[in-house]
>>> print(open('my_file-v9.txt').read())   # compact mmCIF, C-alpha atoms and all ligand atoms
# COMPACT_ATOMS: atom_id res chain seq x y z
CA MET F 1 12.30 -32.26 -14.58
CA SER F 2 10.16 -33.33 -11.63
CA LEU F 3 10.64 -32.30 -8.01
CA GLN F 4 11.53 -34.78 -5.31
CA LEU F 5 10.02 -33.33 -2.16
CA THR F 6 11.09 -34.46 1.29
CA GLN F 7 8.44 -35.51 3.82
CA LYS F 8 9.07 -32.30 5.70
CA GLU F 9 8.61 -30.17 2.59
CA LYS F 10 5.40 -32.00 1.74
CA SER F 11 3.99 -31.50 5.19
CA LEU F 12 4.92 -27.80 5.30
CA LEU F 13 3.54 -27.25 1.80
CA GLN F 14 0.27 -28.91 2.80
CA ASP F 15 0.02 -26.31 5.55
CA GLN F 16 0.72 -23.50 3.07
CA LYS F 17 -1.97 -24.94 0.86
CA SER F 18 -4.57 -24.77 3.60
CA HIS F 19 -3.47 -21.25 4.53
CA GLU F 20 -3.96 -20.09 0.95
CA GLU F 21 -7.35 -21.80 0.76
CA MET F 22 -8.32 -19.98 3.92
CA CYS F 23 -7.12 -16.66 2.48
CA VAL F 24 -9.15 -17.13 -0.73
CA GLN F 25 -12.21 -17.97 1.33
CA LYS F 26 -11.79 -15.11 3.80
CA TYR F 27 -11.15 -12.42 1.18
CA SER F 28 -14.14 -13.60 -0.84
CA ASN F 29 -16.43 -13.60 2.19
CA TYR F 30 -15.13 -10.24 3.40
CA ALA F 31 -15.57 -8.69 -0.05
CA ASN F 32 -19.27 -9.48 0.34
CA GLN F 33 -19.40 -8.12 3.88
CA ALA F 34 -17.44 -4.90 3.35
CA GLN F 35 -19.50 -1.68 3.31
CA ASP F 36 -17.02 0.51 1.44
CA PRO F 37 -16.95 -0.26 -2.32
CA GLN F 38 -13.22 0.50 -2.42
CA LEU F 39 -12.57 -2.10 0.28
CA LYS F 40 -14.86 -4.59 -1.48
CA GLN F 41 -12.79 -4.22 -4.64
CA MET F 42 -9.51 -4.51 -2.77
CA PHE F 43 -10.64 -7.73 -1.08
CA GLN F 44 -11.84 -9.16 -4.41
CA GLN F 45 -8.45 -8.48 -6.00
CA LEU F 46 -6.63 -9.98 -3.05
CA ALA F 47 -8.81 -13.10 -3.24
CA GLN F 48 -7.55 -13.54 -6.81
CA LYS F 49 -3.94 -13.11 -5.73
CA GLU F 50 -4.42 -15.76 -3.05
CA GLN F 51 -5.89 -18.08 -5.67
CA GLU F 52 -2.66 -17.65 -7.69
CA HIS F 53 -0.65 -18.52 -4.58
CA LEU F 54 -2.80 -21.60 -4.08
CA ASN F 55 -2.21 -22.65 -7.69
CA THR F 56 1.56 -22.29 -7.28
CA VAL F 57 1.62 -24.30 -4.05
CA ASN F 58 -0.49 -27.02 -5.69
CA GLN F 59 1.92 -27.10 -8.64
CA ILE F 60 4.86 -27.65 -6.31
CA LEU F 61 2.98 -30.33 -4.37
CA ASN F 62 2.36 -32.09 -7.70
CA GLY F 63 6.12 -32.14 -8.28
CA GLN F 64 6.14 -29.42 -10.92
CA VAL F 65 8.92 -26.86 -10.86
CA PRO F 66 7.17 -23.52 -10.37
CA ASN F 67 7.39 -21.13 -13.29
CA MET F 68 6.99 -17.66 -11.84
CA GLN F 69 6.87 -15.80 -15.13
CA SER F 70 3.96 -17.62 -16.75
CA GLN F 71 2.07 -17.54 -13.47
CA GLN F 72 2.32 -13.82 -12.93
CA SER F 73 1.46 -12.45 -16.30
CA SER F 74 1.33 -13.43 -19.92
CA SER F 75 3.75 -10.69 -20.88
CA GLY F 76 6.71 -12.56 -19.40
CA GLN F 77 9.74 -10.40 -18.75
CA SER F 78 7.90 -7.11 -18.44
CA SER F 79 5.68 -8.52 -15.68
CA LYS F 80 7.82 -7.26 -12.86
CA GLN F 81 7.99 -3.76 -14.21
CA SER F 82 4.32 -3.48 -15.07
CA LYS F 83 3.46 -4.68 -11.60
CA SER F 84 5.46 -2.04 -9.83
CA MET F 85 4.06 0.59 -12.18
CA LYS F 86 0.57 -0.49 -11.20
CA GLN F 87 1.45 -0.22 -7.55
CA ILE F 88 2.70 3.32 -8.01
CA GLU F 89 -0.51 4.18 -9.86
CA ASN F 90 -2.55 2.73 -7.05
CA GLY F 91 -0.56 4.73 -4.55
CA THR F 92 -1.22 8.04 -6.28
CA THR F 93 -4.89 7.23 -6.72
CA PHE F 94 -5.07 6.56 -3.03
CA ASN F 95 -3.49 9.88 -2.18
CA SER F 96 -5.50 12.05 -4.55
CA VAL F 97 -8.92 10.45 -4.11
CA GLY F 98 -8.55 9.01 -0.61
CA THR F 99 -10.92 10.33 2.00
CA THR F 100 -9.59 12.56 4.71
CA PRO F 101 -8.90 10.42 7.74
CA ARG F 102 -11.47 11.04 10.41
CA PRO F 103 -10.33 11.17 14.00
CA VAL F 104 -11.39 7.99 15.74
CA THR F 105 -12.59 8.85 19.20
CA ALA F 106 -13.80 6.45 21.86
CA GLU F 107 -17.31 7.64 21.10
CA THR F 108 -17.32 7.05 17.34
CA SER F 109 -15.64 3.68 17.63
CA PHE F 110 -18.52 2.41 19.77
CA VAL F 111 -21.35 3.63 17.55
CA SER F 112 -22.57 0.36 16.10
CA SER F 113 -24.31 2.02 13.14
CA SER F 114 -20.97 3.32 11.85
CA SER F 115 -20.07 1.11 8.90
CA ASN F 116 -16.39 1.74 9.58
CA ASN F 117 -16.52 -0.48 12.63
CA SER F 118 -17.20 -3.66 10.78
CA ASP F 119 -14.91 -2.73 7.88
CA LYS F 120 -12.22 -2.03 10.44
CA ASP F 121 -12.74 -5.47 11.99
CA LEU F 122 -12.42 -7.11 8.57
CA CYS F 123 -9.19 -5.21 7.88
CA GLN F 124 -7.72 -6.04 11.26
CA ASP F 125 -8.50 -9.70 10.81
CA MET F 126 -6.89 -9.80 7.36
CA LEU F 127 -3.85 -7.85 8.51
CA MET F 128 -3.31 -10.40 11.27
CA THR F 129 -3.89 -13.26 8.83
CA GLU F 130 -1.36 -11.90 6.33
CA LYS F 131 1.18 -11.43 9.09
CA TYR F 132 0.74 -15.01 10.19
CA VAL F 133 0.81 -16.51 6.68
CA SER F 134 3.93 -14.50 5.84
CA SER F 135 5.70 -15.93 8.88
CA THR F 136 4.78 -19.50 7.93
CA TYR F 137 6.35 -19.03 4.50
CA ASP F 138 9.53 -17.99 6.22
CA THR F 139 9.61 -21.32 8.05
CA THR F 140 8.84 -23.32 4.91
CA VAL F 141 11.46 -21.56 2.78
CA PHE F 142 14.22 -22.73 5.13
CA GLU F 143 13.30 -26.38 4.49
CA CYS F 144 13.35 -26.20 0.68
CA THR F 145 15.78 -28.40 -1.20
CA ASP F 146 15.15 -26.88 -4.62
CA THR F 147 16.27 -23.34 -5.45
CA LYS F 148 13.33 -22.69 -7.81
CA VAL F 149 10.91 -23.69 -5.07
CA ARG F 150 12.67 -21.40 -2.63
CA GLN F 151 12.40 -18.54 -5.08
CA ALA F 152 8.71 -19.18 -5.68
CA LEU F 153 7.90 -19.28 -1.96
CA ASN F 154 10.07 -16.27 -1.33
CA HIS F 155 8.14 -14.41 -4.01
CA ILE F 156 4.82 -15.41 -2.45
CA GLN F 157 6.01 -14.27 0.97
CA LYS F 158 6.94 -10.90 -0.45
CA GLU F 159 3.45 -10.61 -1.91
CA GLU F 160 1.89 -11.45 1.46
CA GLN F 161 3.82 -8.54 2.93
CA GLU F 162 2.52 -6.34 0.12
CA HIS F 163 -1.04 -7.45 0.88
CA GLY F 164 -0.42 -6.41 4.47
CA GLU F 165 0.85 -3.05 3.24
CA GLU F 166 -2.26 -2.50 1.10
CA ILE F 167 -4.51 -3.17 4.07
CA PHE F 168 -2.32 -1.05 6.34
CA ASN F 169 -2.49 1.86 3.88
CA TYR F 170 -6.25 1.53 3.49
CA MET F 171 -6.70 1.59 7.24
CA GLN F 172 -4.47 4.62 7.64
CA GLN F 173 -6.27 6.50 4.85
CA ASN F 174 -9.58 5.82 6.53
CA GLY F 175 -8.57 6.68 10.07
CA MET F 176 -8.73 3.07 11.25
CA TYR F 177 -5.10 2.76 12.25
CA ASN F 178 -2.89 5.43 13.73
CA PRO F 179 0.47 4.14 14.85
CA GLN F 180 2.18 6.68 17.08
FE FE E 1 -1.25 -15.96 -0.19
FE FE E 2 -1.90 -12.56 1.15
>>> encode(input="my_file-v9.txt", output="structure tokens")
Amino acid sequence: MSLQLTQKEKSLLQDQKSHEEMCVQKYSNYANQAQDPQLKQMFQQLAQKEQEHLNTVNQILNGQVPNMQSQQSSSGQSSKQSKSMKQIENGTTFNSVGTTPRPVTAETSFVSSSSNNSDKDLCQDMLMTEKYVSSTYDTTVFECTDTKVRQALNHIQKEEQEHGEEIFNYMQQNGMYNPQ
């Protein structure tokens, strides 16, 4: 069974493709630039996730019906459960090992030698990028003819929101973001 994509779908999917390429590139670059080893690792993992998104979008553009199960994990049906388990694990690790948030004052945020400044910039940039990419998936989903494609893009969009949450949590743990 091969997909018949409309011109509009093709054009929107080409955009998603370039967004994912940009995300892979940015996360890889930022993993190298990050000072904090924990942030480095997080960016490296996210670069891999973005590569999976890119693969899925390419599959769809090639007319293949996306198969979410084989793409996510080799263990098939248990993939969803093991993923949420992992997220819970990560959450507890964050809480027990996470550094005490330091108060960010006007003074500390202008000290250029503080490594947190550049890490904070990297996080802010990626948070904004994820927010944007997530919104573009929303637009693309509404133009999809095929249900399987809709589901795949919907799944990717959900993961973009989770990436945003990971970055948000990291920033909060490290005193980089304090919503009132
Ligand atoms: Fe992505
Ligand atoms: Fe993402």
>>> closest_atom_pairs(input="my_file-v9.txt", of="chain F", to="ligand FE 2 (chain E)", cutoff="6 Å", atoms="all atoms listed in the file", output="JSON lines")
{"residue": "F:Glu50", "atom": "CA", "partner": "E:FE2", "partner_atom": "FE", "distance": 5.9}
{"residue": "F:Glu130", "atom": "CA", "partner": "E:FE2", "partner_atom": "FE", "distance": 5.2}
{"residue": "F:Glu160", "atom": "CA", "partner": "E:FE2", "partner_atom": "FE", "distance": 4.0}
{"residue": "F:His163", "atom": "CA", "partner": "E:FE2", "partner_atom": "FE", "distance": 5.2}
>>> residues_near_ligand(input="my_file-v9.txt", ligand="ligand FE 1 (chain E)", cutoff="7 Å", atoms="only C-alpha atoms and all ligand atoms", output="PyMOL selection string")
chain F and resi 20+23+49-50+53+156+160
>>> atom_distance(input="my_file-v9.txt", atom1="atom CA of F:Ile167", atom2="atom CA of F:Val133")
14.6 Å
>>> closest_residue(input="my_file-v9.txt", among="F:Glu52, F:Gln35, F:Val65, F:Met22", to="F:Thr129", atoms="all atoms listed in the file")
F:Met22
>>> closest_residue(input="my_file-v9.txt", among="F:Gln45, F:Lys131, F:Gln38, F:Asn55", to="F:Glu165", atoms="only C-alpha atoms")
F:Lys131
>>> residues_around(input="my_file-v9.txt", residues="stretch 6-15 of chain F", least_positions_apart="6", cutoff="7 Å", atoms="all atoms listed in the file", output="PDB file with C-alpha atoms, in the coordinates of the input")
ATOM      1  CA  VAL F  57       1.620 -24.300  -4.050  1.00  0.00           C
ATOM      2  CA  LEU F  61       2.980 -30.330  -4.370  1.00  0.00           C
ATOM      3  CA  THR F 140       8.840 -23.320   4.910  1.00  0.00           C
ATOM      4  CA  GLU F 143      13.300 -26.380   4.490  1.00  0.00           C
ATOM      5  CA  CYS F 144      13.350 -26.200   0.680  1.00  0.00           C
TER       6      CYS F 144
END
>>> closest_residue(input="my_file-v9.txt", among="F:Ser118, F:Asn62, F:Ser18, F:Asn154", to="F:Tyr30", atoms="all atoms listed in the file")
F:Ser118
>>> closest_residue(input="my_file-v9.txt", among="F:Lys120, F:Gln157, F:Asp138, F:Asp125", to="F:Gln172", atoms="only C-alpha atoms")
F:Lys120
>>> closest_residue(input="my_file-v9.txt", among="F:Asn29, F:Gln124, F:Ser2, F:Gln48", to="F:Gly63", atoms="only C-alpha atoms")
F:Ser2
>>> residues_around(input="my_file-v9.txt", residues="F:Tyr27", least_positions_apart="4", cutoff="7 Å", atoms="all atoms listed in the file", output="list in words")
Cys23, Ala31, Phe43, Gln44, Leu46 and Ala47 of chain F
>>> residues_around(input="my_file-v9.txt", residues="F:Leu39", least_positions_apart="5", cutoff="8 Å", atoms="only C-alpha atoms", output="list in words")
Ala31, Ala34, Asp119 and Tyr170 of chain F
>>> atom_distance(input="my_file-v9.txt", atom1="atom CA of F:Val141", atom2="atom CA of F:Gln59")
15.9 Å
>>> atom_distance(input="my_file-v9.txt", atom1="atom CA of F:Gln33", atom2="atom CA of F:Pro179")
25.8 Å
>>> closest_residue(input="my_file-v9.txt", among="F:Pro66, F:Val24, F:Pro37, F:Phe168", to="F:Gln51", atoms="all atoms listed in the file")
F:Val24
